[in-house]
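Structure first, then comments.
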Amino acid sequence: MCIDRFKSISHLQKMNISTLKSIIRKRETHFHIAFWLFYFSSINAHWRTDWFDRSLRPETVSQFSILFFPVMLYLNAFWLIPNFLRARKWIQYIVVTGLVLFGFEFIRCSLHVVFHPTDEILGKAFITEFNSYDNLIFGRLNPAFLCLQFSFAYRLSRDWIEQFWQTKDSSEETEIEITSLPANRMHKRYKTSYFIKKKNGLQMLATEDIVYFKAQGDFVLAMDKNRRKHIINSTLVKIEEEMDPSSFFKINRSEILNKTYVVNYESYIKNRLKIALKSYEDTLYTSNSRTPEFRKWLQG
């Protein structure tokens, strides 16, 4: 009875949290709509006049820049940042962002040349406009850099809030699972597979097929028995808790090893061990502090 009552209370708490999250998401949408309505209504720009009228510039940015700002902000916040920075692909991010920004500027300069014909040749007129103070990237007010700053601030804040809710939900689920079990049935369930994001969709990777895990910055590489690498968006500490300790062992700060694929080991310098793996030419090494426990674990 006590356990059932606790489960019902916990269920109500979870419902309240999920309801609160949905309310926050709706309010976030309403906030965006209200903000951009205020943004567009507060700008002193004559939308029916010449699209590139220079007289508008002393008062505010051109209409193209006004439209560019929200488009680039959401593009960077919801596509560029998640796709590149989470995987630490800094070079790709810089290249793609640069292409997007220069793409906008190319369109702006091209429209200006088309709607404002001059005696200059097209190439020279294009370069003249590109070097003007209306340039989105290097011109007055630098709308591109302002946009990138706001998109980073928004995305990082949003990710922090989502991570906070996920951590809270997972901790409550764990508490419910452990508390609701009778004393003679309380046991930990270990992870048996991961879903890996690939180009053609999600791919299931069984933990028994993983030879070892290797930490790489903010993510972990899972090396499978076919010598393929898979990116797992997690930490080595969390993965160690999810794995069955009878099969997986953390041999040093950055690697967790699967016992099934250990061929042999031999002594190495400073009380470390050199481990040979099945189907792998690479060798792994234990740290000084983990060597005694590794010997016991391997014989267990």
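Naming scheme: A, B, ... for chains in displayed order of the structure tokens; residues 1 onward per chain; ligands 1 onward as shown.
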
Could you pull out the helix (DSSP H, G or I) residues of range 73-135 of chain A from DSSP and send them as a compact mmCIF listing (two decimals) with N, CA, C and O atoms, in the first residue's frame?
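File produced: part_25.txt:
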# COMPACT_ATOMS: atom_id res chain seq x y z
N LEU A 73 19.44 34.27 -37.12
CA LEU A 73 19.44 33.90 -35.71
C LEU A 73 18.92 32.47 -35.51
O LEU A 73 19.55 31.65 -34.85
N TYR A 74 17.76 32.18 -36.10
CA TYR A 74 17.17 30.84 -35.93
C TYR A 74 17.95 29.78 -36.71
O TYR A 74 18.04 28.63 -36.29
N LEU A 75 18.49 30.17 -37.85
CA LEU A 75 19.31 29.23 -38.63
C LEU A 75 20.52 28.79 -37.82
O LEU A 75 20.86 27.60 -37.76
N ASN A 76 21.18 29.74 -37.18
CA ASN A 76 22.36 29.42 -36.37
C ASN A 76 21.99 28.68 -35.09
O ASN A 76 22.69 27.75 -34.68
N ALA A 77 20.89 29.08 -34.46
CA ALA A 77 20.51 28.49 -33.17
C ALA A 77 20.00 27.05 -33.30
O ALA A 77 20.30 26.20 -32.46
N PHE A 78 19.26 26.75 -34.38
CA PHE A 78 18.61 25.45 -34.47
C PHE A 78 19.23 24.51 -35.50
O PHE A 78 18.88 23.33 -35.52
N TRP A 79 20.13 25.00 -36.34
CA TRP A 79 20.75 24.10 -37.32
C TRP A 79 22.26 24.06 -37.20
O TRP A 79 22.85 23.00 -36.98
N LEU A 80 22.91 25.23 -37.28
CA LEU A 80 24.37 25.25 -37.31
C LEU A 80 24.98 24.82 -35.98
O LEU A 80 25.86 23.95 -35.95
N ILE A 81 24.52 25.40 -34.88
CA ILE A 81 25.11 25.07 -33.58
C ILE A 81 24.91 23.60 -33.21
O ILE A 81 25.87 22.91 -32.86
N PRO A 82 23.68 23.04 -33.28
CA PRO A 82 23.51 21.62 -32.92
C PRO A 82 24.27 20.67 -33.83
O PRO A 82 24.78 19.65 -33.39
N ASN A 83 24.35 20.99 -35.13
CA ASN A 83 24.97 20.06 -36.09
C ASN A 83 26.49 20.03 -36.01
O ASN A 83 27.10 19.01 -36.29
N PHE A 84 27.11 21.15 -35.62
CA PHE A 84 28.56 21.23 -35.72
C PHE A 84 29.26 21.34 -34.37
O PHE A 84 30.20 20.62 -34.10
N LEU A 85 28.80 22.22 -33.49
CA LEU A 85 29.55 22.46 -32.26
C LEU A 85 29.46 21.30 -31.29
O LEU A 85 30.38 21.06 -30.53
N ARG A 86 28.34 20.57 -31.28
CA ARG A 86 28.22 19.45 -30.34
C ARG A 86 29.19 18.33 -30.66
O ARG A 86 29.57 17.57 -29.80
N ALA A 87 29.55 18.23 -31.93
CA ALA A 87 30.53 17.22 -32.33
C ALA A 87 31.93 17.81 -32.44
O ALA A 87 32.84 17.17 -32.91
N TRP A 90 34.65 22.40 -35.37
CA TRP A 90 34.80 23.85 -35.42
C TRP A 90 35.07 24.34 -36.84
O TRP A 90 34.51 25.35 -37.26
N ILE A 91 35.93 23.64 -37.57
CA ILE A 91 36.28 24.10 -38.92
C ILE A 91 35.07 24.05 -39.83
O ILE A 91 34.79 25.00 -40.58
N GLN A 92 34.31 22.94 -39.75
CA GLN A 92 33.10 22.84 -40.57
C GLN A 92 32.11 23.93 -40.23
O GLN A 92 31.47 24.51 -41.12
N TYR A 93 31.98 24.23 -38.93
CA TYR A 93 31.04 25.27 -38.52
C TYR A 93 31.45 26.63 -39.10
O TYR A 93 30.61 27.37 -39.63
N ILE A 94 32.73 26.96 -39.00
CA ILE A 94 33.21 28.25 -39.51
C ILE A 94 33.00 28.34 -41.02
O ILE A 94 32.57 29.37 -41.55
N VAL A 95 33.29 27.25 -41.74
CA VAL A 95 33.14 27.25 -43.19
C VAL A 95 31.68 27.42 -43.58
O VAL A 95 31.33 28.27 -44.41
N VAL A 96 30.80 26.61 -42.99
CA VAL A 96 29.38 26.67 -43.36
C VAL A 96 28.77 28.01 -42.97
O VAL A 96 28.02 28.62 -43.75
N THR A 97 29.09 28.49 -41.75
CA THR A 97 28.56 29.79 -41.32
C THR A 97 29.04 30.90 -42.24
O THR A 97 28.27 31.80 -42.61
N GLY A 98 30.32 30.85 -42.62
CA GLY A 98 30.85 31.85 -43.54
C GLY A 98 30.13 31.82 -44.88
O GLY A 98 29.81 32.86 -45.45
N LEU A 99 29.87 30.61 -45.39
CA LEU A 99 29.16 30.49 -46.67
C LEU A 99 27.75 31.05 -46.57
O LEU A 99 27.26 31.71 -47.51
N VAL A 100 27.07 30.78 -45.43
CA VAL A 100 25.71 31.30 -45.26
C VAL A 100 25.72 32.82 -45.20
O VAL A 100 24.92 33.50 -45.87
N LEU A 101 26.63 33.39 -44.41
CA LEU A 101 26.71 34.84 -44.28
C LEU A 101 27.06 35.51 -45.61
O LEU A 101 26.42 36.49 -46.02
N PHE A 102 28.06 34.99 -46.30
CA PHE A 102 28.43 35.57 -47.59
C PHE A 102 27.36 35.32 -48.65
O PHE A 102 27.23 36.09 -49.60
N GLY A 103 26.57 34.24 -48.45
CA GLY A 103 25.45 34.00 -49.36
C GLY A 103 24.40 35.09 -49.24
O GLY A 103 23.90 35.62 -50.25
N PHE A 104 24.07 35.45 -47.98
CA PHE A 104 23.14 36.56 -47.76
C PHE A 104 23.68 37.85 -48.37
O PHE A 104 22.95 38.61 -49.01
N GLU A 105 24.96 38.12 -48.15
CA GLU A 105 25.56 39.36 -48.65
C GLU A 105 25.63 39.37 -50.17
O GLU A 105 25.43 40.41 -50.81
N PHE A 106 25.86 38.20 -50.78
CA PHE A 106 25.88 38.10 -52.24
C PHE A 106 24.50 38.43 -52.81
O PHE A 106 24.38 39.15 -53.81
N ILE A 107 23.45 37.90 -52.15
CA ILE A 107 22.08 38.18 -52.61
C ILE A 107 21.78 39.68 -52.48
O ILE A 107 21.21 40.30 -53.39
N ARG A 108 22.17 40.29 -51.36
CA ARG A 108 21.91 41.71 -51.14
C ARG A 108 22.61 42.56 -52.19
O ARG A 108 21.99 43.46 -52.78
N CYS A 109 23.89 42.28 -52.41
CA CYS A 109 24.64 43.07 -53.40
C CYS A 109 24.09 42.86 -54.81
O CYS A 109 24.02 43.82 -55.61
N SER A 110 23.69 41.64 -55.13
CA SER A 110 23.15 41.35 -56.46
C SER A 110 21.84 42.10 -56.68
O SER A 110 21.61 42.68 -57.75
N LEU A 111 20.96 42.09 -55.66
CA LEU A 111 19.69 42.83 -55.78
C LEU A 111 19.94 44.32 -55.94
O LEU A 111 19.25 45.01 -56.71
N HIS A 112 20.92 44.82 -55.21
CA HIS A 112 21.22 46.25 -55.33
C HIS A 112 21.70 46.60 -56.74
O HIS A 112 21.30 47.63 -57.31
N VAL A 113 22.56 45.79 -57.29
CA VAL A 113 23.08 46.05 -58.64
C VAL A 113 21.95 45.98 -59.66
O VAL A 113 21.89 46.80 -60.60
N VAL A 114 21.02 45.03 -59.47
CA VAL A 114 19.91 44.87 -60.42
C VAL A 114 18.95 46.05 -60.35
O VAL A 114 18.53 46.60 -61.38
N PHE A 115 18.58 46.47 -59.12
CA PHE A 115 17.58 47.53 -58.96
C PHE A 115 18.17 48.94 -58.98
O PHE A 115 17.44 49.91 -58.99
N LEU A 122 29.10 45.62 -64.17
CA LEU A 122 28.42 44.90 -63.09
C LEU A 122 29.38 44.47 -61.98
O LEU A 122 29.08 44.60 -60.80
N GLY A 123 30.55 43.96 -62.37
CA GLY A 123 31.50 43.48 -61.37
C GLY A 123 31.98 44.59 -60.45
O GLY A 123 32.03 44.43 -59.23
N LYS A 124 32.27 45.74 -61.02
CA LYS A 124 32.75 46.87 -60.23
C LYS A 124 31.64 47.41 -59.33
O LYS A 124 31.88 47.78 -58.17
N ALA A 125 30.41 47.48 -59.86
CA ALA A 125 29.27 47.94 -59.05
C ALA A 125 29.01 47.00 -57.88
O ALA A 125 28.69 47.43 -56.77
N PHE A 126 29.18 45.71 -58.15
CA PHE A 126 28.99 44.71 -57.09
C PHE A 126 30.03 44.90 -55.99
O PHE A 126 29.70 44.89 -54.79
N ILE A 127 31.29 45.08 -56.37
CA ILE A 127 32.37 45.26 -55.39
C ILE A 127 32.18 46.55 -54.61
O ILE A 127 32.41 46.61 -53.40
N THR A 128 31.73 47.61 -55.28
CA THR A 128 31.49 48.89 -54.60
C THR A 128 30.43 48.73 -53.53
O THR A 128 30.59 49.23 -52.41
N GLU A 129 29.35 48.02 -53.86
CA GLU A 129 28.29 47.81 -52.87
C GLU A 129 28.75 46.88 -51.75
O GLU A 129 28.40 47.07 -50.59
N PHE A 130 29.56 45.88 -52.08
CA PHE A 130 30.07 44.97 -51.07
C PHE A 130 30.95 45.70 -50.06
O PHE A 130 30.95 45.38 -48.87

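Taking CA of Phe152 in chain A and CA of Ile196 in chain A as endpoints, the distance between them is 26.2 Å.
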
Q: Record the distance separating CA of Glu255 in chain A and CA of Lys199 in chain A, expressed in Å with one decimal.
A: 26.4 Å

(Q) Env of range 229-235 of chain A: 10 Å cut, atoms = only C-alpha atoms, seq-sep filter 4 positions within chain, self excluded. Answer as a ChimeraX atom specification. (A) /A:86-87,194-198,203,205,210,213-225,239-240,254

Q | Arg189 in chain A environment, 10 Å, only C-alpha atoms, sequence neighbours closer than 6 positions dropped, as a list of chain:residue names | A |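 After dropping sequence-adjacent residues, the list is A:Glu242, A:Met243, A:Asp244.
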
Same residues, C-alpha atoms, output as a PDB file, in the first residue's frame:
ATOM      1  CA  GLU A 242      25.319   2.006 -17.148  1.00  0.00           C
ATOM      2  CA  MET A 243      27.582  -0.971 -17.902  1.00  0.00           C
ATOM      3  CA  ASP A 244      27.609  -4.338 -16.150  1.00  0.00           C
TER       4      ASP A 244
END

**Q.** Between CA of Thr192 in chain A and CA of Glu162 in chain A, distance in Å (one decimal)
**A.**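 Atom-to-atom, CA of Thr192 in chain A and CA of Glu162 in chain A are spaced 25.6 Å apart.
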
Q: For Met72 in chain A, work out the shell of residues within 8 Å, counting only C-alpha atoms and skipping chain neighbours fewer than 4 positions away, then give it as an NGL selection string.
A: :A and (68 or 76 or 144 or 147-148)
